[in-house]
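J.: Following this message is one structure expressed as structure tokens.
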Amino acid sequence: MTDERSSIGSSQEAPQIYRFNLEEIECATQYFSEVNLLSKKSSFAATYKGILHDGTEVAVKRINKTSCKSEEAEFLMGLKALTLLRHENLVGLRGFCYSRARGECFLIYDFVANGSLSEYLDVKCDEIHKVLDWSVRVCIIKGIAKGMEYLHSDKPSKPSLLHQNMSSTKVLIDRHFNPLLSSSALHKLLADDAIFSSLKTSAAMGYLAPEYSTN
């Protein structure tokens, strides 16, 4: 793969997403400044806030290439699976970048302003403003259910998919307090070792049955 700008997908399949070049990603994130670090929840990935040249805010997921599928054809097939996912309760994928020089791949998503649902479930005394009223909580629960139903459904435009790593940190809250599921179908791009590591962590935290954390 190269770092040159191009697109994949067609109007018959899904909205196009773009292959960004590495310079665009570095400029958007201020060369992956720690100031822009949003999360680093695993050994193989970190997410940064970025601003594109047109002022659009994005979230850039930075993945070590050794954690991605090694075969280009498999990687592109997994990427196509991600482009097919379009729903009001999923974080939108804008594009990707694959850098041989850095040994990394990057996924560029829409930026979601209000952080993750986990920030609103464990509210400290000095964060009373984060307490959600019941009507908002019900809307969030319904939105999560709709997003999960969409992933699990088998449609002409997409296959049935499992999230495989669902938790409150994977549910992002937008400016209108709508829930958006993040990292959906990300396992389609990852090598088996990275998937197993992620599943094992989730199981340890109680999000999956214990048998998923063993060979």
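Letters for chains follow the order of the structure tokens (A, B, ...), residue numbers begin at 1 for each chain, and ligand numbers begin at 1 in the order shown.
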Within 12 Å of Lys158 in chain A, counting only C-alpha atoms, which residues show up once you throw out same-chain ones fewer than 3 positions away? Write them as a PyMOL selection string, please.
T.: chain A and resi 13-14+80-87+150-155+161+185
J.: Report as a list of chain:residue names all protein, DNA and RNA residues lying within 10 Å of Leu121 in chain A, evaluated on only C-alpha atoms, omitting residues in the same chain fewer than 5 positions from it.
T.: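 Everything that qualifies: A:Ser116, A:Lys130, A:Val131, A:Leu132, A:Ser168.
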J.: Output the selection as a PDB file, in the first residue's frame - C-alpha atoms for each residue.
T.:
```
ATOM      1  CA  SER A 116     -17.569   8.045  26.296  1.00  0.00           C
ATOM      2  CA  LYS A 130     -22.467  15.068  34.252  1.00  0.00           C
ATOM      3  CA  VAL A 131     -25.391  13.333  35.933  1.00  0.00           C
ATOM      4  CA  LEU A 132     -27.888  12.364  33.220  1.00  0.00           C
ATOM      5  CA  SER A 168     -19.276   1.686  28.122  1.00  0.00           C
TER       6      SER A 168
END
```
J.: Which residue out of A:Leu37, A:Leu76, A:Ile25, A:Met148 has the minimum interatomic distance to Ile51 in chain A when only C-alpha atoms are used?
T.: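 Comparing A:Leu37, A:Leu76, A:Ile25, A:Met148 against Ile51 in chain A, the winner is A:Ile25.
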